[in-house]
>>> print(open('upload-v7.cif').read())   # mmCIF, C-alpha atoms
data_protein
loop_
_atom_site.label_atom_id
_atom_site.label_comp_id
_atom_site.auth_asym_id
_atom_site.auth_seq_id
_atom_site.Cartn_x
_atom_site.Cartn_y
_atom_site.Cartn_z
CA MET A 1 30.27 7.29 16.46
CA THR A 2 33.74 7.38 14.97
CA THR A 3 35.30 9.92 12.63
CA TYR A 4 36.50 8.36 9.36
CA ASP A 5 38.92 10.12 7.01
CA PHE A 6 38.77 9.12 3.35
CA THR A 7 38.93 10.50 -0.18
CA LEU A 8 36.45 10.17 -3.03
CA LYS A 9 37.57 11.01 -6.57
CA PHE A 10 35.05 11.63 -9.35
CA ALA A 11 34.86 12.52 -13.01
CA VAL A 12 32.44 15.44 -13.33
CA PRO A 13 31.21 17.62 -16.19
CA GLY A 14 33.98 20.06 -17.08
CA ASP A 15 31.59 22.98 -17.41
CA LEU A 16 30.72 23.10 -13.69
CA GLY A 17 32.52 25.99 -11.99
CA MET A 18 34.03 25.78 -8.52
CA GLU A 19 31.30 27.93 -6.98
CA ALA A 20 28.55 25.75 -8.43
CA LEU A 21 30.32 22.59 -7.24
CA GLU A 22 30.84 23.95 -3.73
CA SER A 23 27.26 25.15 -3.46
CA ARG A 24 25.73 21.88 -4.70
CA LEU A 25 27.97 19.75 -2.48
CA PHE A 26 27.34 21.86 0.62
CA GLU A 27 23.56 21.70 0.10
CA ALA A 28 23.74 17.91 -0.37
CA GLY A 29 25.49 17.38 2.98
CA CYS A 30 29.16 17.37 1.98
CA ASP A 31 30.06 20.16 4.40
CA ASP A 32 32.52 17.74 6.03
CA ALA A 33 34.76 17.57 2.95
CA LEU A 34 37.62 19.60 1.52
CA ILE A 35 37.10 20.07 -2.21
CA GLY A 36 39.87 19.87 -4.77
CA VAL A 37 39.62 20.38 -8.53
CA GLY A 38 43.14 20.11 -9.92
CA LEU A 39 42.21 18.91 -13.40
CA LYS A 40 39.24 20.08 -15.42
CA GLY A 41 36.52 17.46 -15.15
CA ARG A 42 37.94 15.91 -11.97
CA LEU A 43 36.83 16.33 -8.38
CA ALA A 44 38.54 15.09 -5.22
CA LEU A 45 36.80 15.28 -1.88
CA GLU A 46 38.69 14.67 1.37
CA PHE A 47 36.06 13.71 3.92
CA SER A 48 36.23 13.59 7.69
CA ARG A 49 32.81 12.07 8.43
CA GLU A 50 31.30 10.77 11.64
CA ALA A 51 29.39 7.50 11.33
CA VAL A 52 28.86 4.16 13.04
CA SER A 53 31.05 2.40 10.44
CA ALA A 54 33.45 3.22 7.62
CA GLN A 55 31.02 1.64 5.18
CA GLN A 56 28.23 3.95 6.31
CA ALA A 57 30.54 6.98 6.17
CA ILE A 58 31.76 6.20 2.66
CA THR A 59 28.44 5.11 1.15
CA SER A 60 26.61 8.09 2.61
CA ALA A 61 29.27 10.45 1.22
CA MET A 62 29.00 8.76 -2.20
CA ALA A 63 25.20 9.18 -2.10
CA ASP A 64 25.56 12.85 -1.10
CA VAL A 65 27.89 13.53 -4.03
CA LYS A 66 25.57 11.73 -6.47
CA ARG A 67 22.64 13.78 -5.15
CA ALA A 68 24.64 16.99 -5.64
CA ILE A 69 26.10 16.03 -9.02
CA PRO A 70 24.03 13.20 -10.57
CA GLU A 71 26.38 12.89 -13.56
CA ALA A 72 29.45 12.35 -11.33
CA ARG A 73 31.24 9.04 -11.98
CA LEU A 74 33.32 7.48 -9.23
CA ILE A 75 36.99 7.06 -10.08
CA GLU A 76 38.45 5.89 -6.77
CA VAL A 77 37.90 5.61 -3.03
CA GLY A 78 40.92 6.08 -0.82
CA PRO A 79 43.00 5.28 1.01
CA ASP A 80 43.43 2.07 -0.95
CA LEU A 81 46.24 1.75 -3.47
CA VAL A 82 49.65 2.45 -1.98
CA GLY A 83 53.27 2.21 -3.05
CA VAL A 84 56.41 1.69 -0.99
CA THR A 85 56.75 5.41 -0.22
CA ASP A 86 53.12 5.66 0.89
CA ILE A 87 53.49 2.66 3.21
CA ALA A 88 56.74 3.99 4.66
CA GLU A 89 55.23 7.43 5.34
CA LEU A 90 52.04 6.00 6.81
CA LEU A 91 53.90 3.70 9.19
CA ASP A 92 56.74 6.14 9.92
CA PHE A 93 59.54 4.18 8.23
CA THR A 94 62.15 5.34 5.79
CA ARG A 95 61.56 4.24 2.22
CA GLN A 96 64.80 2.23 2.37
CA ASN A 97 63.68 0.50 5.56
CA MET A 98 60.39 -0.41 3.92
CA ARG A 99 62.16 -1.83 0.85
CA LYS A 100 64.40 -3.93 3.09
CA LEU A 101 61.37 -5.21 5.00
CA LEU A 102 59.70 -6.18 1.71
CA GLN A 103 62.79 -8.02 0.48
CA THR A 104 63.21 -9.98 3.70
CA HIS A 105 59.52 -10.99 3.88
CA LEU A 106 58.68 -11.80 0.24
CA ALA A 107 57.03 -15.09 1.20
CA THR A 108 54.50 -13.52 3.57
CA PHE A 109 54.07 -9.92 2.42
CA PRO A 110 50.86 -9.41 0.42
CA LEU A 111 51.16 -9.80 -3.32
CA PRO A 112 51.05 -6.46 -5.10
CA LEU A 113 48.10 -5.49 -7.25
CA HIS A 114 50.68 -4.27 -9.76
CA GLU A 115 54.36 -5.15 -9.74
CA GLY A 116 56.89 -3.10 -11.63
CA ARG A 117 58.89 0.09 -11.35
CA ALA A 118 56.22 1.35 -8.95
CA SER A 119 54.47 -1.59 -7.30
CA LEU A 120 51.04 -1.07 -5.75
CA TRP A 121 49.27 -2.85 -2.91
CA HIS A 122 45.87 -2.61 -1.29
CA LEU A 123 46.47 -0.72 1.95
CA ALA A 124 44.08 -2.97 3.89
CA GLU A 125 46.15 -6.05 3.05
CA VAL A 126 49.37 -4.28 4.03
CA LEU A 127 47.88 -3.17 7.35
CA ASP A 128 46.66 -6.72 7.99
CA TRP A 129 50.18 -8.00 7.35
CA PHE A 130 51.75 -5.49 9.73
CA GLN A 131 49.28 -6.42 12.47
CA THR A 132 49.77 -10.17 11.99
CA HIS A 133 53.46 -10.50 11.09
CA GLN A 134 55.02 -7.45 12.74
CA ARG A 135 52.65 -7.16 15.74
CA ARG A 136 52.27 -3.49 14.90
CA LYS A 137 49.30 -1.59 16.35
CA ILE A 138 47.19 -0.14 13.52
CA ASP A 139 44.58 2.54 14.05
CA ASP A 140 41.17 0.82 13.91
CA ALA A 141 39.47 3.61 11.94
CA LEU A 142 42.27 3.67 9.34
CA HIS A 143 42.13 -0.11 9.00
CA GLU A 144 38.35 -0.07 8.58
CA VAL A 145 38.45 2.76 6.02
CA ALA A 146 41.21 0.99 4.04
CA GLN A 147 39.17 -2.24 4.00
CA THR A 148 36.00 -0.45 2.89
CA SER A 149 37.89 1.59 0.27
CA MET A 150 39.36 -1.59 -1.20
CA GLN A 151 35.91 -3.23 -1.31
CA ALA A 152 34.37 -0.18 -3.02
CA ASN A 153 37.14 -0.02 -5.64
CA VAL A 154 37.05 -3.75 -6.35
CA ALA A 155 33.24 -3.63 -6.62
CA ARG A 156 33.47 -0.68 -9.04
CA GLU A 157 36.03 -2.48 -11.19
CA SER A 158 34.17 -5.82 -11.14
CA ARG A 159 31.16 -4.14 -12.77
CA ARG A 160 33.31 -3.80 -15.90
CA VAL A 161 33.68 -7.57 -16.29
CA PRO A 162 30.75 -9.77 -17.42
CA ALA A 163 29.74 -12.36 -14.79
CA GLU A 164 30.51 -15.32 -17.09
CA ASP A 165 34.07 -14.04 -17.58
CA ILE A 166 34.53 -13.70 -13.84
CA ARG A 167 33.51 -17.36 -13.44
CA HIS A 168 36.08 -18.44 -16.07
CA PHE A 169 38.86 -16.55 -14.32
CA ASP A 170 37.75 -17.83 -10.91
CA ASP A 171 37.96 -21.39 -12.22
CA ALA A 172 41.44 -20.76 -13.67
CA LEU A 173 42.71 -19.17 -10.46
CA VAL A 174 41.44 -22.05 -8.30
CA SER A 175 42.97 -24.83 -10.37
#
>>> encode(input="upload-v7.cif", output="structure tokens")
Amino acid sequence: MTTYDFTLKFAVPGDLGMEALESRLFEAGCDDALIGVGLKGRLALEFSREAVSAQQAITSAMADVKRAIPEARLIEVGPDLVGVTDIAELLDFTRQNMRKLLQTHLATFPLPLHEGRASLWHLAEVLDWFQTHQRRKIDDALHEVAQTSMQANVARESRRVPAEDIRHFDDALVS
């Protein structure tokens, strides 16, 4: 068994109080999570869950939350989307050092999910790059959680696109 650290963010009914949320989540098996409710109608859970795989840890936590709060809608699984500052902090670089590394390795560094004033990457792809191109040792549990988080977020988003549209875009991207 390995301990996996990850975050699940949900949209929840705004009329649920903190005590009700805590009680429901605890009874459903989420006693391994720190609960945060910064915005009304939003819930963030920072889990530290033991499991045989990151996928089992994350999917079991998602099921526990849905059992506790059936109307909860998943917003995001993390760690997944990261910017330059996040990458630098995670890998113990300065932000400037990270920017320089990006500029000098544009041809091989993963393409961002969003490019602009604040570019975003999937953490799993960045970690893969650091292992392959920089020979940097990456924590296995972090790498596995990042990969599973990315898969969960992409799967959630892909449900918003009709299958026939996905095929059209796949064809356009291949040609």
>>> residues_around(input="upload-v7.cif", residues="segment 56-61 of chain A", least_positions_apart="3", cutoff="12 Å", atoms="only C-alpha atoms", output="number ranges by chain")
A: 1-9, 25-26, 28-33, 45-53, 64-68, 74, 76-79, 141, 144-153
>>> residues_around(input="upload-v7.cif", residues="segment 85-94 of chain A", least_positions_apart="6", cutoff="12 Å", atoms="all atoms listed in the file", output="list in words")
Pro79, Lys100, Leu101, Leu102, Ala118, Ser119, Leu120, Trp121, His122, Leu123, Ala124, Glu125, Val126, Leu127, Trp129, Phe130, Gln131, Gln134, Arg136, Lys137, Ile138, Asp139, Leu142 and His143 of chain A
>>> write_last_selection(input="upload-v7.cif", atoms="C-alpha atoms", output="PDB file, in the coordinates of the input")
ATOM      1  CA  PRO A  79      43.000   5.280   1.010  1.00  0.00           C
ATOM      2  CA  LYS A 100      64.400  -3.930   3.090  1.00  0.00           C
ATOM      3  CA  LEU A 101      61.370  -5.210   5.000  1.00  0.00           C
ATOM      4  CA  LEU A 102      59.700  -6.180   1.710  1.00  0.00           C
ATOM      5  CA  ALA A 118      56.220   1.350  -8.950  1.00  0.00           C
ATOM      6  CA  SER A 119      54.470  -1.590  -7.300  1.00  0.00           C
ATOM      7  CA  LEU A 120      51.040  -1.070  -5.750  1.00  0.00           C
ATOM      8  CA  TRP A 121      49.270  -2.850  -2.910  1.00  0.00           C
ATOM      9  CA  HIS A 122      45.870  -2.610  -1.290  1.00  0.00           C
ATOM     10  CA  LEU A 123      46.470  -0.720   1.950  1.00  0.00           C
ATOM     11  CA  ALA A 124      44.080  -2.970   3.890  1.00  0.00           C
ATOM     12  CA  GLU A 125      46.150  -6.050   3.050  1.00  0.00           C
ATOM     13  CA  VAL A 126      49.370  -4.280   4.030  1.00  0.00           C
ATOM     14  CA  LEU A 127      47.880  -3.170   7.350  1.00  0.00           C
ATOM     15  CA  TRP A 129      50.180  -8.000   7.350  1.00  0.00           C
ATOM     16  CA  PHE A 130      51.750  -5.490   9.730  1.00  0.00           C
ATOM     17  CA  GLN A 131      49.280  -6.420  12.470  1.00  0.00           C
ATOM     18  CA  GLN A 134      55.020  -7.450  12.740  1.00  0.00           C
ATOM     19  CA  ARG A 136      52.270  -3.490  14.900  1.00  0.00           C
ATOM     20  CA  LYS A 137      49.300  -1.590  16.350  1.00  0.00           C
ATOM     21  CA  ILE A 138      47.190  -0.140  13.520  1.00  0.00           C
ATOM     22  CA  ASP A 139      44.580   2.540  14.050  1.00  0.00           C
ATOM     23  CA  LEU A 142      42.270   3.670   9.340  1.00  0.00           C
ATOM     24  CA  HIS A 143      42.130  -0.110   9.000  1.00  0.00           C
TER      25      HIS A 143
END
>>> closest_residue(input="upload-v7.cif", among="A:Ile75, A:Leu16, A:Val37, A:Ala11", to="Arg156 of chain A", atoms="all atoms listed in the file")
A:Ile75
>>> closest_residue(input="upload-v7.cif", among="A:Val154, A:Ala54, A:Pro110, A:Arg95", to="Asp140 of chain A", atoms="all atoms listed in the file")
A:Ala54
>>> closest_residue(input="upload-v7.cif", among="A:Ala44, A:Gly116, A:Arg135, A:Leu39", to="Met62 of chain A", atoms="only C-alpha atoms")
A:Ala44
>>> atom_distance(input="upload-v7.cif", atom1="atom CA of Arg24 of chain A", atom2="atom CA of Ile69 of chain A")
7.3 Å
>>> decode(input="upload-v7.cif", residues="segment 22-142 of chain A", atoms="C-alpha atoms", output="PDB file, in the first residue's frame")
ATOM      1  CA  GLU A  22     -18.118  17.302   7.627  1.00  0.00           C
ATOM      2  CA  SER A  23     -20.514  14.821   9.192  1.00  0.00           C
ATOM      3  CA  ARG A  24     -21.657  13.333   5.868  1.00  0.00           C
ATOM      4  CA  LEU A  25     -18.109  13.085   4.522  1.00  0.00           C
ATOM      5  CA  PHE A  26     -16.747  11.498   7.700  1.00  0.00           C
ATOM      6  CA  GLU A  27     -19.537   8.895   7.739  1.00  0.00           C
ATOM      7  CA  ALA A  28     -18.893   8.092   4.055  1.00  0.00           C
ATOM      8  CA  GLY A  29     -15.204   7.331   4.660  1.00  0.00           C
ATOM      9  CA  CYS A  30     -13.549  10.670   3.902  1.00  0.00           C
ATOM     10  CA  ASP A  31     -11.848  10.849   7.293  1.00  0.00           C
ATOM     11  CA  ASP A  32      -8.514  11.005   5.439  1.00  0.00           C
ATOM     12  CA  ALA A  33      -9.267  14.405   3.893  1.00  0.00           C
ATOM     13  CA  LEU A  34      -8.923  18.035   4.936  1.00  0.00           C
ATOM     14  CA  ILE A  35     -12.077  19.923   4.012  1.00  0.00           C
ATOM     15  CA  GLY A  36     -12.098  23.417   2.574  1.00  0.00           C
ATOM     16  CA  VAL A  37     -15.109  25.549   1.650  1.00  0.00           C
ATOM     17  CA  GLY A  38     -13.780  28.917   0.522  1.00  0.00           C
ATOM     18  CA  LEU A  39     -16.640  29.823  -1.805  1.00  0.00           C
ATOM     19  CA  LYS A  40     -20.297  29.107  -1.197  1.00  0.00           C
ATOM     20  CA  GLY A  41     -21.259  26.069  -3.236  1.00  0.00           C
ATOM     21  CA  ARG A  42     -17.673  24.825  -3.601  1.00  0.00           C
ATOM     22  CA  LEU A  43     -15.882  22.064  -1.744  1.00  0.00           C
ATOM     23  CA  ALA A  44     -12.191  21.153  -1.863  1.00  0.00           C
ATOM     24  CA  LEU A  45     -10.935  17.984  -0.246  1.00  0.00           C
ATOM     25  CA  GLU A  46      -7.207  17.357   0.239  1.00  0.00           C
ATOM     26  CA  PHE A  47      -6.837  13.601   0.583  1.00  0.00           C
ATOM     27  CA  SER A  48      -3.964  11.535   1.882  1.00  0.00           C
ATOM     28  CA  ARG A  49      -5.287   8.048   1.099  1.00  0.00           C
ATOM     29  CA  GLU A  50      -3.639   4.652   1.273  1.00  0.00           C
ATOM     30  CA  ALA A  51      -4.350   2.348  -1.662  1.00  0.00           C
ATOM     31  CA  VAL A  52      -2.689  -0.095  -4.033  1.00  0.00           C
ATOM     32  CA  SER A  53      -2.753   2.492  -6.853  1.00  0.00           C
ATOM     33  CA  ALA A  54      -3.443   6.179  -7.405  1.00  0.00           C
ATOM     34  CA  GLN A  55      -6.422   5.239  -9.548  1.00  0.00           C
ATOM     35  CA  GLN A  56      -7.941   3.214  -6.707  1.00  0.00           C
ATOM     36  CA  ALA A  57      -7.237   6.009  -4.204  1.00  0.00           C
ATOM     37  CA  ILE A  58      -8.822   8.695  -6.377  1.00  0.00           C
ATOM     38  CA  THR A  59     -11.818   6.704  -7.614  1.00  0.00           C
ATOM     39  CA  SER A  60     -12.625   5.427  -4.140  1.00  0.00           C
ATOM     40  CA  ALA A  61     -12.454   8.986  -2.766  1.00  0.00           C
ATOM     41  CA  MET A  62     -14.727  10.200  -5.581  1.00  0.00           C
ATOM     42  CA  ALA A  63     -17.210   7.412  -4.775  1.00  0.00           C
ATOM     43  CA  ASP A  64     -17.089   8.270  -1.058  1.00  0.00           C
ATOM     44  CA  VAL A  65     -17.869  11.925  -1.777  1.00  0.00           C
ATOM     45  CA  LYS A  66     -20.734  11.002  -4.120  1.00  0.00           C
ATOM     46  CA  ARG A  67     -22.135   8.686  -1.442  1.00  0.00           C
ATOM     47  CA  ALA A  68     -21.937  11.495   1.125  1.00  0.00           C
ATOM     48  CA  ILE A  69     -23.229  14.232  -1.186  1.00  0.00           C
ATOM     49  CA  PRO A  70     -25.045  12.654  -4.165  1.00  0.00           C
ATOM     50  CA  GLU A  71     -25.624  16.042  -5.819  1.00  0.00           C
ATOM     51  CA  ALA A  72     -21.897  16.914  -5.780  1.00  0.00           C
ATOM     52  CA  ARG A  73     -20.453  17.584  -9.250  1.00  0.00           C
ATOM     53  CA  LEU A  74     -16.749  17.084  -9.855  1.00  0.00           C
ATOM     54  CA  ILE A  75     -14.888  20.213 -10.933  1.00  0.00           C
ATOM     55  CA  GLU A  76     -11.279  19.050 -10.901  1.00  0.00           C
ATOM     56  CA  VAL A  77      -8.854  16.401  -9.690  1.00  0.00           C
ATOM     57  CA  GLY A  78      -5.391  17.561  -8.723  1.00  0.00           C
ATOM     58  CA  PRO A  79      -2.529  17.837  -8.976  1.00  0.00           C
ATOM     59  CA  ASP A  80      -2.943  18.258 -12.712  1.00  0.00           C
ATOM     60  CA  LEU A  81      -2.892  21.728 -14.241  1.00  0.00           C
ATOM     61  CA  VAL A  82       0.252  23.672 -13.379  1.00  0.00           C
ATOM     62  CA  GLY A  83       1.866  26.939 -14.367  1.00  0.00           C
ATOM     63  CA  VAL A  84       5.519  27.973 -14.377  1.00  0.00           C
ATOM     64  CA  THR A  85       5.445  28.974 -10.700  1.00  0.00           C
ATOM     65  CA  ASP A  86       3.845  25.666  -9.683  1.00  0.00           C
ATOM     66  CA  ILE A  87       6.453  23.667 -11.607  1.00  0.00           C
ATOM     67  CA  ALA A  88       9.311  25.716 -10.158  1.00  0.00           C
ATOM     68  CA  GLU A  89       8.037  25.281  -6.582  1.00  0.00           C
ATOM     69  CA  LEU A  90       7.373  21.571  -7.020  1.00  0.00           C
ATOM     70  CA  LEU A  91      10.837  20.883  -8.426  1.00  0.00           C
ATOM     71  CA  ASP A  92      12.642  23.384  -6.187  1.00  0.00           C
ATOM     72  CA  PHE A  93      13.678  25.847  -8.907  1.00  0.00           C
ATOM     73  CA  THR A  94      13.328  29.584  -9.029  1.00  0.00           C
ATOM     74  CA  ARG A  95      10.599  30.840 -11.332  1.00  0.00           C
ATOM     75  CA  GLN A  96      13.268  32.555 -13.449  1.00  0.00           C
ATOM     76  CA  ASN A  97      15.250  29.332 -13.720  1.00  0.00           C
ATOM     77  CA  MET A  98      12.139  27.499 -14.852  1.00  0.00           C
ATOM     78  CA  ARG A  99      11.380  30.144 -17.493  1.00  0.00           C
ATOM     79  CA  LYS A 100      14.941  29.884 -18.803  1.00  0.00           C
ATOM     80  CA  LEU A 101      14.656  26.094 -18.955  1.00  0.00           C
ATOM     81  CA  LEU A 102      11.409  26.411 -20.928  1.00  0.00           C
ATOM     82  CA  GLN A 103      12.939  28.863 -23.399  1.00  0.00           C
ATOM     83  CA  THR A 104      15.994  26.712 -24.023  1.00  0.00           C
ATOM     84  CA  HIS A 105      13.965  23.504 -24.510  1.00  0.00           C
ATOM     85  CA  LEU A 106      10.964  24.697 -26.550  1.00  0.00           C
ATOM     86  CA  ALA A 107      11.344  21.853 -29.049  1.00  0.00           C
ATOM     87  CA  THR A 108      11.074  19.080 -26.456  1.00  0.00           C
ATOM     88  CA  PHE A 109       9.135  20.560 -23.534  1.00  0.00           C
ATOM     89  CA  PRO A 110       5.479  19.442 -23.500  1.00  0.00           C
ATOM     90  CA  LEU A 111       3.050  21.688 -25.310  1.00  0.00           C
ATOM     91  CA  PRO A 112       0.921  23.688 -22.893  1.00  0.00           C
ATOM     92  CA  LEU A 113      -2.770  22.995 -22.525  1.00  0.00           C
ATOM     93  CA  HIS A 114      -3.211  26.771 -22.609  1.00  0.00           C
ATOM     94  CA  GLU A 115      -0.612  29.259 -23.777  1.00  0.00           C
ATOM     95  CA  GLY A 116      -0.813  32.904 -22.856  1.00  0.00           C
ATOM     96  CA  ARG A 117      -0.041  35.271 -20.024  1.00  0.00           C
ATOM     97  CA  ALA A 118      -0.319  32.282 -17.682  1.00  0.00           C
ATOM     98  CA  SER A 119       0.420  29.079 -19.589  1.00  0.00           C
ATOM     99  CA  LEU A 120      -0.793  25.761 -18.184  1.00  0.00           C
ATOM    100  CA  TRP A 121       0.538  22.234 -18.568  1.00  0.00           C
ATOM    101  CA  HIS A 122      -0.545  18.815 -17.388  1.00  0.00           C
ATOM    102  CA  LEU A 123       1.769  18.014 -14.486  1.00  0.00           C
ATOM    103  CA  ALA A 124       2.139  14.379 -15.581  1.00  0.00           C
ATOM    104  CA  GLU A 125       3.581  15.449 -18.939  1.00  0.00           C
ATOM    105  CA  VAL A 126       5.971  17.884 -17.265  1.00  0.00           C
ATOM    106  CA  LEU A 127       7.163  15.207 -14.835  1.00  0.00           C
ATOM    107  CA  ASP A 128       7.655  12.781 -17.742  1.00  0.00           C
ATOM    108  CA  TRP A 129       9.766  15.404 -19.512  1.00  0.00           C
ATOM    109  CA  PHE A 130      11.935  16.030 -16.460  1.00  0.00           C
ATOM    110  CA  GLN A 131      12.537  12.295 -16.034  1.00  0.00           C
ATOM    111  CA  THR A 132      13.366  11.748 -19.706  1.00  0.00           C
ATOM    112  CA  HIS A 133      15.178  14.943 -20.726  1.00  0.00           C
ATOM    113  CA  GLN A 134      16.688  16.145 -17.451  1.00  0.00           C
ATOM    114  CA  ARG A 135      17.263  12.734 -15.813  1.00  0.00           C
ATOM    115  CA  ARG A 136      15.569  14.091 -12.715  1.00  0.00           C
ATOM    116  CA  LYS A 137      14.265  11.623 -10.118  1.00  0.00           C
ATOM    117  CA  ILE A 138      10.516  12.112  -9.641  1.00  0.00           C
ATOM    118  CA  ASP A 139       8.594  10.686  -6.711  1.00  0.00           C
ATOM    119  CA  ASP A 140       6.678   7.644  -8.011  1.00  0.00           C
ATOM    120  CA  ALA A 141       3.509   8.375  -6.015  1.00  0.00           C
ATOM    121  CA  LEU A 142       3.419  12.002  -7.231  1.00  0.00           C
TER     122      LEU A 142
END
